[in-house]
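Structure below is run_33.cif: mmCIF, C-alpha atoms.
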```
data_my_file
#
loop_
_atom_site.label_atom_id
_atom_site.label_comp_id
_atom_site.auth_asym_id
_atom_site.auth_seq_id
_atom_site.Cartn_x
_atom_site.Cartn_y
_atom_site.Cartn_z
CA MET A 42 89.87 117.24 183.51
CA THR A 43 90.07 115.45 180.16
CA ASP A 44 87.70 115.71 177.22
CA SER A 45 86.44 113.29 174.67
CA ARG A 46 87.04 114.21 171.06
CA SER A 47 84.51 116.67 169.73
CA SER A 48 82.25 115.96 166.85
CA GLY A 49 82.87 117.59 163.50
CA HIS A 50 86.10 117.57 161.52
CA SER A 51 88.89 115.51 162.96
CA PRO A 52 92.32 117.15 163.14
CA GLU A 53 93.46 115.07 160.20
CA ALA A 54 90.44 115.95 158.03
CA GLU A 55 91.38 116.52 154.42
CA ILE A 56 91.92 120.16 153.42
CA THR A 57 90.27 120.61 150.04
CA HIS A 58 88.95 123.41 147.84
CA LYS A 59 85.44 122.07 148.44
CA ARG A 60 85.87 122.37 152.19
CA VAL A 61 87.07 125.97 151.91
CA LEU A 62 84.15 126.92 149.65
CA ASN A 63 81.64 125.13 151.90
CA ILE A 64 82.74 127.43 154.72
CA ALA A 65 83.19 130.63 152.71
CA ILE A 66 80.22 130.80 150.33
CA PRO A 67 77.43 130.84 152.99
CA ILE A 68 79.22 133.71 154.76
CA VAL A 69 79.50 135.70 151.52
CA LEU A 70 75.80 135.11 150.84
CA SER A 71 74.75 136.03 154.38
CA ASN A 72 76.81 139.23 154.19
CA ALA A 73 74.92 140.17 151.04
CA THR A 74 71.68 140.38 153.08
CA VAL A 75 73.02 143.07 155.41
CA PRO A 76 72.77 146.11 153.07
CA LEU A 77 69.34 144.87 151.89
CA LEU A 78 67.93 145.25 155.40
CA GLY A 79 69.23 148.81 155.69
CA ALA A 80 67.68 149.67 152.34
CA VAL A 81 64.27 148.32 153.41
CA ASP A 82 64.41 150.16 156.76
CA THR A 83 65.04 153.39 154.87
CA GLY A 84 62.52 152.59 152.14
CA VAL A 85 59.53 151.88 154.40
CA VAL A 86 59.91 155.08 156.44
CA GLY A 87 60.54 156.90 153.17
CA GLN A 88 56.96 156.07 152.21
CA MET A 89 55.82 158.40 155.00
CA GLY A 90 56.80 161.30 152.73
CA GLN A 91 58.92 163.13 155.30
CA ALA A 92 62.66 163.54 155.73
CA VAL A 93 62.69 163.47 159.54
CA PRO A 94 61.70 159.77 159.98
CA ILE A 95 64.36 158.71 157.46
CA GLY A 96 67.01 160.65 159.33
CA ALA A 97 65.82 159.33 162.70
CA VAL A 98 66.02 155.67 161.67
CA GLY A 99 69.42 156.23 160.04
CA VAL A 100 70.88 158.05 163.04
CA GLY A 101 69.40 155.65 165.60
CA ALA A 102 70.59 152.56 163.72
CA ILE A 103 74.11 153.95 163.32
CA PHE A 104 74.40 154.83 167.02
CA LEU A 105 73.19 151.42 168.22
CA SER A 106 75.31 149.59 165.65
CA ALA A 107 78.36 151.49 166.93
CA ILE A 108 77.56 150.47 170.52
CA TYR A 109 77.00 146.83 169.60
CA TRP A 110 80.12 146.85 167.41
CA MET A 111 82.14 147.28 170.61
CA PHE A 112 81.18 143.67 171.38
CA GLY A 113 82.33 142.37 167.99
CA PHE A 114 85.32 140.84 169.77
CA LEU A 115 82.94 138.14 171.01
CA ARG A 116 82.49 136.75 167.50
CA MET A 117 86.21 136.61 166.66
CA GLY A 118 87.41 135.50 170.08
CA THR A 119 84.81 132.74 170.31
CA THR A 120 85.71 131.42 166.86
CA GLY A 121 89.41 131.20 167.71
CA LEU A 122 88.97 129.62 171.15
CA VAL A 123 86.30 127.11 170.09
CA SER A 124 88.15 126.01 166.95
CA GLN A 125 91.29 125.36 169.01
CA ALA A 126 89.31 123.36 171.58
CA LEU A 127 87.83 121.32 168.72
CA GLY A 128 91.26 120.64 167.27
CA ALA A 129 92.54 119.52 170.66
CA GLY A 130 89.54 117.21 171.09
CA ARG A 131 88.25 119.08 174.16
CA SER A 132 84.48 118.78 173.69
CA GLY A 133 83.81 119.85 177.26
CA GLU A 134 85.68 123.12 176.72
CA VAL A 135 83.71 123.69 173.50
CA ALA A 136 80.48 123.51 175.53
CA ALA A 137 81.87 125.65 178.36
CA LEU A 138 82.96 128.32 175.88
CA LEU A 139 79.38 128.57 174.59
CA THR A 140 78.18 129.32 178.11
CA ARG A 141 80.95 131.86 178.71
CA ALA A 142 80.12 133.67 175.47
CA LEU A 143 76.43 133.84 176.39
CA LEU A 144 77.21 135.12 179.89
CA ILE A 145 79.41 137.89 178.45
CA ALA A 146 76.64 138.77 175.98
CA GLY A 147 74.04 138.87 178.73
CA LEU A 148 76.12 141.04 181.03
CA GLY A 149 77.12 143.33 178.15
CA GLY A 150 73.52 143.67 176.97
CA VAL A 151 72.23 144.48 180.45
CA ALA A 152 75.01 147.06 180.87
CA VAL A 153 73.96 148.77 177.60
CA ILE A 154 70.33 148.87 178.78
CA LEU A 155 71.24 150.31 182.18
CA LEU A 156 73.60 152.89 180.66
CA GLN A 157 71.35 153.84 177.75
CA MET A 158 70.74 157.43 178.88
CA PRO A 159 74.41 158.52 179.13
CA LEU A 160 75.26 156.51 176.01
CA PHE A 161 72.54 158.18 173.96
CA TRP A 162 73.45 161.60 175.37
CA ALA A 163 77.11 161.09 174.39
CA ALA A 164 76.11 159.91 170.91
CA PHE A 165 74.11 163.09 170.21
CA GLN A 166 76.89 165.25 171.61
CA ILE A 167 79.36 163.69 169.19
CA SER A 168 77.00 163.88 166.23
CA PRO A 169 74.18 166.37 166.90
CA ALA A 170 70.93 166.20 164.96
CA SER A 171 67.96 168.52 164.59
CA PRO A 172 65.51 168.47 167.54
CA GLU A 173 62.91 166.68 165.43
CA VAL A 174 65.31 163.98 164.25
CA GLU A 175 66.81 163.56 167.73
CA ALA A 176 63.38 163.11 169.34
CA LEU A 177 62.33 160.40 166.87
CA ALA A 178 65.76 158.76 167.00
CA ARG A 179 65.50 158.53 170.79
CA ASP A 180 62.08 156.86 170.46
CA TYR A 181 63.61 154.36 168.05
CA MET A 182 66.67 153.66 170.23
CA GLN A 183 64.69 153.35 173.47
CA ILE A 184 62.76 150.46 171.93
CA ARG A 185 65.63 148.71 170.17
CA VAL A 186 68.05 148.92 173.10
CA TYR A 187 66.08 146.22 174.95
CA SER A 188 67.25 143.68 172.40
CA ALA A 189 70.90 144.44 173.22
CA PRO A 190 71.48 141.10 175.03
CA ALA A 191 70.09 139.24 172.01
CA ALA A 192 72.05 141.24 169.43
CA ILE A 193 75.31 140.73 171.33
CA ALA A 194 74.55 137.04 171.95
CA VAL A 195 74.29 136.52 168.18
CA TYR A 196 77.97 137.52 167.93
CA GLY A 197 78.97 134.71 170.30
CA LEU A 198 76.59 132.15 168.77
CA THR A 199 77.84 132.98 165.27
CA GLY A 200 81.47 132.63 166.36
CA TRP A 201 80.69 129.25 167.95
CA LEU A 202 79.10 127.99 164.73
CA ILE A 203 81.85 129.31 162.45
CA ALA A 204 84.51 127.53 164.54
CA GLN A 205 82.78 124.25 163.68
CA GLU A 206 82.54 125.16 159.99
CA ARG A 207 78.75 125.38 160.29
CA THR A 208 78.47 128.46 158.13
CA ARG A 209 75.28 127.21 156.46
CA ALA A 210 73.69 127.52 159.89
CA VAL A 211 75.05 131.08 160.10
CA PHE A 212 73.53 131.81 156.69
CA ALA A 213 70.17 130.39 157.82
CA LEU A 214 70.33 132.52 160.96
CA GLN A 215 71.02 135.72 159.00
CA ILE A 216 68.30 134.96 156.44
CA TRP A 217 65.81 134.33 159.26
CA MET A 218 66.69 137.50 161.19
CA ASN A 219 66.87 139.83 158.21
CA GLY A 220 63.90 138.25 156.42
CA LEU A 221 61.67 138.50 159.50
CA ASN A 222 62.84 142.07 160.08
CA ILE A 223 61.91 143.05 156.52
CA LEU A 224 58.46 141.41 156.71
CA LEU A 225 57.71 143.04 160.06
CA ASP A 226 58.94 146.40 158.70
CA LEU A 227 56.43 146.19 155.88
CA TRP A 228 53.59 145.10 158.18
CA PHE A 229 54.19 147.50 161.06
CA VAL A 230 55.03 150.61 159.03
CA LEU A 231 53.08 150.29 155.79
CA GLY A 232 50.26 148.09 157.10
CA LEU A 233 49.68 149.37 160.63
CA GLY A 234 51.15 152.87 160.26
CA TRP A 235 53.43 152.62 163.31
CA GLY A 236 56.15 154.74 161.69
CA VAL A 237 59.61 154.88 163.25
CA GLU A 238 58.47 152.92 166.30
CA GLY A 239 57.33 150.15 163.95
CA VAL A 240 60.84 149.85 162.47
CA ALA A 241 62.29 149.64 165.99
CA ILE A 242 59.79 147.00 167.14
CA ALA A 243 60.45 144.96 164.00
CA THR A 244 64.19 144.94 164.70
CA PHE A 245 63.63 144.22 168.42
CA LEU A 246 61.56 141.12 167.59
CA ALA A 247 63.93 139.98 164.82
CA GLU A 248 66.98 140.21 167.11
CA TRP A 249 65.36 138.26 169.95
CA SER A 250 64.04 135.63 167.52
CA GLY A 251 67.55 135.43 166.01
CA ALA A 252 69.08 134.79 169.42
CA LEU A 253 66.54 132.04 170.10
CA MET A 254 67.17 130.45 166.71
CA GLY A 255 70.92 130.69 167.34
CA LEU A 256 70.50 128.83 170.64
CA TRP A 257 68.57 126.12 168.80
CA LEU A 258 71.29 125.87 166.13
CA CYS A 259 73.86 125.53 168.92
CA ARG A 260 71.83 122.91 170.80
CA ALA A 261 74.61 120.33 170.37
CA GLY A 262 76.63 122.36 172.85
CA PHE A 263 73.94 121.88 175.47
CA SER A 264 74.01 118.09 175.03
CA ASN A 265 77.37 118.10 176.79
CA ALA A 266 76.91 118.55 180.54
CA ALA A 267 80.03 120.72 180.66
CA TRP A 268 77.96 123.72 179.50
CA ARG A 269 76.56 123.92 183.05
CA ASP A 270 79.62 122.67 184.90
CA TRP A 271 80.04 125.98 186.72
CA ALA A 272 83.45 125.10 188.16
CA ARG A 273 84.65 124.65 184.60
CA VAL A 274 82.75 127.58 183.12
CA PHE A 275 84.26 129.92 185.72
CA ASP A 276 87.71 128.33 185.66
CA ARG A 277 90.03 131.21 186.50
CA VAL A 278 92.74 130.36 183.95
CA ALA A 279 90.26 129.87 181.09
CA LEU A 280 88.39 133.06 181.94
CA ARG A 281 91.59 135.07 182.16
CA HIS A 282 92.70 133.75 178.76
CA MET A 283 89.31 134.52 177.19
CA MET A 284 89.29 138.05 178.58
CA ALA A 285 92.86 138.66 177.36
CA VAL A 286 91.95 137.46 173.87
CA ASN A 287 88.79 139.58 173.77
CA SER A 288 90.44 142.73 175.15
CA ASP A 289 93.27 142.46 172.60
CA ILE A 290 90.75 142.14 169.77
CA LEU A 291 88.77 145.11 171.09
CA LEU A 292 91.90 147.30 171.23
CA ARG A 293 92.92 146.15 167.75
CA SER A 294 89.44 146.98 166.41
CA LEU A 295 89.45 150.41 168.05
CA MET A 296 92.77 151.20 166.37
CA LEU A 297 91.39 150.03 163.02
CA GLN A 298 88.39 152.32 163.50
CA ALA A 299 90.79 155.14 164.41
CA ILE A 300 92.30 154.80 160.94
CA PHE A 301 88.89 155.11 159.27
CA LEU A 302 87.83 157.97 161.55
CA SER A 303 91.07 159.83 160.80
CA PHE A 304 90.50 159.16 157.11
CA LEU A 305 87.00 160.68 157.22
CA LEU A 306 88.03 163.70 159.31
CA THR A 307 91.07 164.42 157.16
CA GLY A 308 89.00 164.04 154.00
CA ALA A 309 86.44 166.50 155.39
CA GLY A 310 89.16 169.12 155.34
CA PHE A 311 89.21 169.00 151.52
CA GLY A 312 85.62 170.23 151.23
CA ASP A 313 82.15 168.76 150.98
CA THR A 314 82.61 167.36 147.48
CA THR A 315 85.74 165.38 148.33
CA LEU A 316 84.18 164.22 151.61
CA ALA A 317 81.14 162.93 149.72
CA ALA A 318 83.33 161.29 147.05
CA ASN A 319 85.36 159.51 149.74
CA GLN A 320 82.15 158.33 151.43
CA VAL A 321 80.91 156.86 148.14
CA LEU A 322 84.24 155.10 147.53
CA LEU A 323 84.32 153.68 151.06
CA GLN A 324 81.26 151.64 150.05
CA PHE A 325 83.54 149.85 147.57
CA LEU A 326 85.85 149.03 150.49
CA ASN A 327 82.83 147.77 152.44
CA ILE A 328 81.89 145.50 149.54
CA THR A 329 85.47 144.20 149.43
CA ALA A 330 85.47 143.39 153.14
CA HIS A 331 82.13 141.57 152.93
CA GLY A 332 83.24 139.64 149.85
CA LEU A 333 86.48 138.42 151.44
CA ASP A 334 85.05 137.79 154.91
CA GLY A 335 84.00 134.27 153.96
CA PHE A 336 87.55 133.21 153.13
CA ALA A 337 88.94 134.91 156.23
CA PHE A 338 86.36 133.03 158.33
CA ALA A 339 87.38 129.76 156.64
CA VAL A 340 90.97 130.49 157.68
CA GLU A 341 89.88 131.24 161.25
CA ALA A 342 88.02 127.94 161.63
CA MET A 343 90.58 125.65 159.99
CA VAL A 344 93.72 127.30 161.34
CA GLY A 345 92.21 127.30 164.82
CA GLN A 346 91.46 123.58 164.65
CA TYR A 347 94.92 122.67 163.38
CA PHE A 348 96.62 125.05 165.79
CA GLY A 349 94.77 123.40 168.67
CA ALA A 350 95.74 119.96 167.34
CA GLY A 351 99.38 120.99 166.94
CA LEU A 352 99.42 120.29 163.20
CA LYS A 353 101.46 123.15 161.74
CA ARG A 354 101.65 121.76 158.19
CA HIS A 355 97.88 121.38 158.06
CA MET A 356 97.55 124.91 159.45
CA ARG A 357 99.78 126.26 156.70
CA ARG A 358 97.93 124.38 153.95
CA ALA A 359 94.54 125.57 155.23
CA ALA A 360 95.72 129.18 155.14
CA LEU A 361 97.22 128.72 151.67
CA LEU A 362 94.14 127.10 150.14
CA ALA A 363 91.75 129.73 151.51
CA THR A 364 94.11 132.49 150.32
CA ILE A 365 94.14 131.06 146.79
CA TRP A 366 90.38 131.53 146.64
CA GLY A 367 90.76 134.93 148.25
CA VAL A 368 93.13 135.90 145.42
CA VAL A 369 90.60 134.77 142.82
CA VAL A 370 87.79 136.80 144.41
CA SER A 371 89.96 139.88 145.02
CA VAL A 372 91.14 139.94 141.39
CA LEU A 373 87.55 139.59 140.18
CA MET A 374 86.52 142.45 142.45
CA ALA A 375 89.36 144.63 141.19
CA LEU A 376 88.33 143.93 137.59
CA GLY A 377 84.70 144.62 138.45
CA PHE A 378 85.57 147.95 140.05
CA ALA A 379 87.77 148.88 137.08
CA LEU A 380 85.11 148.02 134.49
CA PHE A 381 81.91 149.02 136.29
CA GLY A 382 83.10 151.37 139.03
CA GLY A 383 81.90 154.46 137.17
CA MET A 384 78.46 152.94 136.71
CA ILE A 385 78.28 152.03 140.41
CA ILE A 386 79.26 155.58 141.38
CA ASP A 387 76.54 157.00 139.12
CA THR A 388 73.88 154.85 140.82
CA MET A 389 75.02 155.99 144.27
CA THR A 390 74.88 159.73 143.62
CA THR A 391 73.33 162.10 141.10
CA ALA A 392 75.63 165.02 142.03
CA GLU A 393 77.93 165.55 139.06
CA ASP A 394 80.75 167.06 141.12
CA VAL A 395 80.71 164.09 143.52
CA ARG A 396 80.65 161.68 140.58
CA ALA A 397 83.68 163.37 139.05
CA GLY A 398 85.52 163.42 142.38
CA ALA A 399 84.83 159.74 143.05
CA ARG A 400 86.01 158.75 139.56
CA ALA A 401 89.27 160.62 140.11
CA PHE A 402 90.12 158.42 143.10
CA LEU A 403 88.52 155.18 141.85
CA PRO A 404 91.92 153.64 140.88
CA TYR A 405 92.80 153.35 144.58
CA LEU A 406 89.66 151.27 145.13
CA VAL A 407 90.61 149.05 142.19
CA LEU A 408 93.85 148.33 144.06
CA CYS A 409 92.21 147.84 147.47
CA PRO A 410 91.01 144.21 147.06
CA VAL A 411 94.43 143.04 145.85
CA VAL A 412 96.55 145.16 148.19
CA GLY A 413 94.34 144.47 151.22
CA LEU A 414 93.88 140.72 150.73
CA ALA A 415 96.96 139.62 152.68
CA SER A 416 95.98 141.69 155.73
CA TRP A 417 92.45 140.21 155.77
CA MET A 418 93.68 136.62 155.40
CA LEU A 419 96.41 137.03 158.00
CA ASP A 420 93.84 138.47 160.39
CA GLY A 421 91.97 135.18 159.97
CA VAL A 422 95.13 133.18 160.68
CA PHE A 423 95.91 135.10 163.86
CA ILE A 424 92.30 135.03 165.09
CA GLY A 425 92.22 131.25 164.61
CA ALA A 426 95.45 130.90 166.57
CA THR A 427 94.19 133.46 169.14
CA ALA A 428 97.50 135.30 168.69
CA THR A 429 95.61 138.44 169.54
CA ARG A 430 98.49 140.21 171.25
CA ASP A 431 100.37 140.09 167.94
CA MET A 432 97.27 141.41 166.15
CA ARG A 433 97.01 144.27 168.64
CA ASN A 434 100.70 145.17 168.42
CA MET A 435 100.91 144.97 164.63
CA MET A 436 97.78 147.12 164.33
CA ALA A 437 99.46 149.71 166.57
CA ILE A 438 102.42 149.76 164.19
CA SER A 439 100.07 150.05 161.19
CA LEU A 440 98.21 152.95 162.81
CA ALA A 441 101.47 154.76 163.56
CA VAL A 442 102.74 154.29 159.99
CA TYR A 443 99.37 155.39 158.59
CA LEU A 444 99.41 158.60 160.63
CA ALA A 445 103.03 159.29 159.62
CA SER A 446 102.12 158.67 155.98
CA VAL A 447 99.18 161.09 156.24
CA ALA A 448 101.41 163.75 157.79
CA LEU A 449 104.01 163.25 155.05
CA LEU A 450 101.87 162.81 151.94
CA VAL A 451 98.64 164.76 152.45
CA PRO A 452 100.23 168.25 152.51
CA SER A 453 101.70 167.73 149.04
CA LEU A 454 99.29 165.23 147.45
CA GLY A 455 95.99 166.09 149.11
CA ASN A 456 93.30 163.41 148.92
CA HIS A 457 95.59 161.23 146.79
CA GLY A 458 97.99 161.15 149.73
CA LEU A 459 95.13 160.13 152.00
CA TRP A 460 94.19 157.15 149.83
CA ILE A 461 97.83 156.14 149.44
CA SER A 462 98.14 156.21 153.23
CA MET A 463 95.14 153.87 153.52
CA LEU A 464 96.78 151.40 151.11
CA VAL A 465 100.05 151.71 153.03
CA SER A 466 98.24 150.75 156.26
CA PHE A 467 97.03 147.52 154.59
CA VAL A 468 100.54 146.67 153.42
CA ILE A 469 102.17 147.38 156.79
CA ARG A 470 99.58 145.27 158.61
CA ALA A 471 100.21 142.37 156.25
CA VAL A 472 104.00 142.65 156.40
CA THR A 473 104.15 142.87 160.19
CA LEU A 474 101.72 139.97 160.70
CA ALA A 475 103.61 137.86 158.15
CA ALA A 476 106.81 138.50 160.09
CA ARG A 477 105.13 137.05 163.19
CA TYR A 478 103.70 133.98 161.39
CA PRO A 479 106.69 131.65 162.03
CA SER A 480 106.11 132.04 165.76
CA LEU A 481 102.57 130.68 165.28
CA GLU A 482 103.89 127.50 163.70
CA ALA A 483 106.35 127.09 166.57
CA ARG A 484 103.50 127.48 169.06
CA ALA A 485 101.37 125.03 167.09
CA GLU A 486 104.13 122.43 167.29
CA ALA A 487 104.30 122.96 171.04
CA ASN A 488 100.55 122.24 171.26
CA ARG A 489 100.89 118.82 169.63
CA PRO A 490 101.83 116.74 172.70
CA ALA A 491 99.05 118.33 174.75
CA ALA A 492 96.51 117.76 171.96
CA MET A 493 97.54 114.13 171.60
CA ALA A 494 97.31 113.65 175.37
CA GLY A 495 93.80 115.19 175.42
#
```

Write the structure described by the file as structure tokens, please.
Amino acid sequence: MTDSRSSGHSPEAEITHKRVLNIAIPIVLSNATVPLLGAVDTGVVGQMGQAVPIGAVGVGAIFLSAIYWMFGFLRMGTTGLVSQALGAGRSGEVAALLTRALLIAGLGGVAVILLQMPLFWAAFQISPASPEVEALARDYMQIRVYSAPAAIAVYGLTGWLIAQERTRAVFALQIWMNGLNILLDLWFVLGLGWGVEGVAIATFLAEWSGALMGLWLCRAGFSNAAWRDWARVFDRVALRHMMAVNSDILLRSLMLQAIFLSFLLTGAGFGDTTLAANQVLLQFLNITAHGLDGFAFAVEAMVGQYFGAGLKRHMRRAALLATIWGVVVSVLMALGFALFGGMIIDTMTTAEDVRAGARAFLPYLVLCPVVGLASWMLDGVFIGATATRDMRNMMAISLAVYLASVALLVPSLGNHGLWISMLVSFVIRAVTLAARYPSLEARAEANRPAAMAG
């Protein structure tokens, strides 16, 4: 079955700084709304004057976020597959991929709902809370879990939009969801006095409204009859490829989380003060990731399109141009952390021992944006090219080197050795992915005849 050329950027579209920024800036702005929502959730229940509701919302939100995070592969995998289909001019496949992503989200969301009891039990076994906090957290989670299909669907819808460089639509979607959530928080909790349940209901409604808005933003996909061409949607080869891509990304993400979990557990062995200092400094790393995400997403979309079209030189230029802007932002972040890091630490904690501990290790966070940039950008390149097996394998190498570095450095250097090991993991991931990059260009060249024939 052949496809007509998709709408949007043609494979030969000019690669400019403006195009990169048009993709990246809305993502950076939308990411900035994420911590604001968490702050409002905490703030409104904080007005109840009790510690238990604050803890319950925090614990419940973390547990559900961890469960939904398992489906984060849907965002990355959808972006890579759709951008390649766009580059190859396969508009029918673009529409079919939207349906496949929504089906996976629906099945995944229903599975979470059906398995909520053992999932919640396991969560509280791993991280026990007081009986009062656990009871309220369960109330919160038992309401919010019914928006699981919607929350997971937003991953797929967002990936579909990013692939087409429609990041302004992604920004509008995030503003709508988070803005509605905040307004409903204020109404339900402060106005109606619904407490923790009010926060959960607000999020439930915001997530379902976000999924509906996402479907409307993706309505162009439903104008192509291929979205309901079930023989195409359930094509065995396409499904097998999509599942392979998604499972590789999931395994890669689990290994990345293993690094952070090992970091936290190892840091806990140095005492409560060092553990708290590390937790404060990890927020700097979170800021770095959110700030550079926009440029990594730009790489995903453009590299995917040019990889699908078989245009390796365009692919290389797209990666280079986005990385130039990534360098600018990472250097600015490093300077900001160096100049204002102490002030940021002081606003995050009033404990003098934690402040002193965080300042002692702040230089590693100054290095993080610069040292980690290449790994973030190369992740974008490999996601766009759906070279997910390489991503998985190189992450396995990075994890192994990180663990070896921890075993070697921590006994003699303590927490300094732990932070050095984290930086080493960034470098190894970048070096190993860079070593695999030439194979991507060779594969892109091989795609060219097929793309031209499409």

Q: Would you mind reading off the distance between CA of Leu127 in chain A and CA of Trp366 in chain A, one decimal, in Å?
A: 24.5 Å

I'd like to see the residues matched by the PyMOL selection byres ((chain A and resi 204-211) around 6) on this file, and ideally I'd get them as a compact mmCIF listing (two decimals) with C-alpha atoms, in the frame of the given file.
```txt
# COMPACT_ATOMS: atom_id res chain seq x y z
CA ILE A 64 82.74 127.43 154.72
CA PRO A 67 77.43 130.84 152.99
CA THR A 120 85.71 131.42 166.86
CA VAL A 123 86.30 127.11 170.09
CA SER A 124 88.15 126.01 166.95
CA TRP A 201 80.69 129.25 167.95
CA LEU A 202 79.10 127.99 164.73
CA ILE A 203 81.85 129.31 162.45
CA PHE A 212 73.53 131.81 156.69
CA ALA A 213 70.17 130.39 157.82
CA LEU A 214 70.33 132.52 160.96
CA ALA A 342 88.02 127.94 161.63
```

Distance query Ala178 in chain A at most 9 Å, only C-alpha atoms, self and fewer than 3 positions along chain excluded, as a PDB file with C-alpha atoms, in the coordinates of the input:
```pdb
ATOM      1  CA  PRO A  94      61.700 159.770 159.980  1.00  0.00           C
ATOM      2  CA  GLY A  96      67.010 160.650 159.330  1.00  0.00           C
ATOM      3  CA  ALA A  97      65.820 159.330 162.700  1.00  0.00           C
ATOM      4  CA  VAL A  98      66.020 155.670 161.670  1.00  0.00           C
ATOM      5  CA  GLY A  99      69.420 156.230 160.040  1.00  0.00           C
ATOM      6  CA  VAL A 100      70.880 158.050 163.040  1.00  0.00           C
ATOM      7  CA  GLY A 101      69.400 155.650 165.600  1.00  0.00           C
ATOM      8  CA  ALA A 102      70.590 152.560 163.720  1.00  0.00           C
ATOM      9  CA  GLU A 173      62.910 166.680 165.430  1.00  0.00           C
ATOM     10  CA  VAL A 174      65.310 163.980 164.250  1.00  0.00           C
ATOM     11  CA  GLU A 175      66.810 163.560 167.730  1.00  0.00           C
ATOM     12  CA  TYR A 181      63.610 154.360 168.050  1.00  0.00           C
ATOM     13  CA  MET A 182      66.670 153.660 170.230  1.00  0.00           C
ATOM     14  CA  GLN A 183      64.690 153.350 173.470  1.00  0.00           C
ATOM     15  CA  VAL A 237      59.610 154.880 163.250  1.00  0.00           C
TER      16      VAL A 237
END
```

Q: Step by step, work through what the PyMOL selection byres ((chain A and resi 440) around 8) selects in the shown file, and finish by giving those residues as a count of residues only.
A: 13

Once you count all atoms listed in the file, what closest atom pair and distance in Å to one decimal does each residue of range 274-382 of chain A within 10 Å of range 423-430 of chain A have, with rows by chain and rising residue number, as JSON lines?
```
{"residue": "A:His282", "atom": "CA", "partner": "A:Thr427", "partner_atom": "CA", "distance": 9.7}
{"residue": "A:Met283", "atom": "CA", "partner": "A:Thr427", "partner_atom": "CA", "distance": 9.5}
{"residue": "A:Ala285", "atom": "CA", "partner": "A:Thr429", "partner_atom": "CA", "distance": 8.3}
{"residue": "A:Val286", "atom": "CA", "partner": "A:Thr429", "partner_atom": "CA", "distance": 5.8}
{"residue": "A:Asn287", "atom": "CA", "partner": "A:Thr429", "partner_atom": "CA", "distance": 8.1}
{"residue": "A:Ser288", "atom": "CA", "partner": "A:Thr429", "partner_atom": "CA", "distance": 8.8}
{"residue": "A:Asp289", "atom": "CA", "partner": "A:Thr429", "partner_atom": "CA", "distance": 5.6}
{"residue": "A:Ile290", "atom": "CA", "partner": "A:Thr429", "partner_atom": "CA", "distance": 6.1}
{"residue": "A:Leu291", "atom": "CA", "partner": "A:Thr429", "partner_atom": "CA", "distance": 9.7}
{"residue": "A:Leu292", "atom": "CA", "partner": "A:Arg430", "partner_atom": "CA", "distance": 9.7}
{"residue": "A:Arg293", "atom": "CA", "partner": "A:Thr429", "partner_atom": "CA", "distance": 8.4}
{"residue": "A:Ala337", "atom": "CA", "partner": "A:Ile424", "partner_atom": "CA", "distance": 9.5}
{"residue": "A:Phe338", "atom": "CA", "partner": "A:Gly425", "partner_atom": "CA", "distance": 8.8}
{"residue": "A:Ala339", "atom": "CA", "partner": "A:Gly425", "partner_atom": "CA", "distance": 9.4}
{"residue": "A:Val340", "atom": "CA", "partner": "A:Gly425", "partner_atom": "CA", "distance": 7.1}
{"residue": "A:Glu341", "atom": "CA", "partner": "A:Gly425", "partner_atom": "CA", "distance": 4.1}
{"residue": "A:Ala342", "atom": "CA", "partner": "A:Gly425", "partner_atom": "CA", "distance": 6.1}
{"residue": "A:Met343", "atom": "CA", "partner": "A:Gly425", "partner_atom": "CA", "distance": 7.4}
{"residue": "A:Val344", "atom": "CA", "partner": "A:Gly425", "partner_atom": "CA", "distance": 5.3}
{"residue": "A:Gly345", "atom": "CA", "partner": "A:Gly425", "partner_atom": "CA", "distance": 4.0}
{"residue": "A:Gln346", "atom": "CA", "partner": "A:Gly425", "partner_atom": "CA", "distance": 7.7}
{"residue": "A:Tyr347", "atom": "CA", "partner": "A:Ala426", "partner_atom": "CA", "distance": 8.8}
{"residue": "A:Phe348", "atom": "CA", "partner": "A:Ala426", "partner_atom": "CA", "distance": 6.0}
{"residue": "A:Gly349", "atom": "CA", "partner": "A:Ala426", "partner_atom": "CA", "distance": 7.8}
{"residue": "A:Met356", "atom": "CA", "partner": "A:Ala426", "partner_atom": "CA", "distance": 9.5}
```

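From CA of Leu302 in chain A back to CA of Val407 in chain A, the distance works out to 21.5 Å.
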
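Nearest to Glu55 in chain A of all the residues A:Leu115, A:Arg358, A:Val195, A:Ser264 is A:Arg358, counting only C-alpha atoms.
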
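When the PyMOL selection byres ((chain A and resi 317) around 10) is run on the displayed coordinates, the residues it returns are A:Leu305, A:Gly308, A:Ala309, A:Gly312, A:Asp313, A:Thr314, A:Thr315, A:Leu316, A:Ala318, A:Asn319, A:Gln320, A:Val321, A:Leu322, A:Leu323, A:Thr390, A:Ala392, A:Asp394, A:Val395, A:Arg396, A:Gly398, A:Ala399.
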
(Q) Which residue is closest to Ala189 in chain A? Choose from A:Asp420, A:Asp276, A:Glu248, A:Glu238 and count all atoms listed in the file. (A) A:Glu248

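Computed from the coordinates, the CA of Val468 in chain A to CA of Ala401 in chain A distance equals 22.3 Å.
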
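Using only C-alpha atoms, the shortest contact distance between Ala448 in chain A and any of A:Phe304, A:Asp387, A:Val135, A:Leu481 is found at A:Phe304.
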
Q) Hey, which of A:Ala129, A:Cys259, A:Ala146, A:Leu227 ends up closest to Ala485 in chain A? Count all atoms listed in the file. A) A:Ala129

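Proximity to Leu143 in chain A was assessed for A:Ile193, A:Ala126, A:Ala350, A:Ala243 counting all atoms listed in the file; the smallest distance is recorded for A:Ile193.
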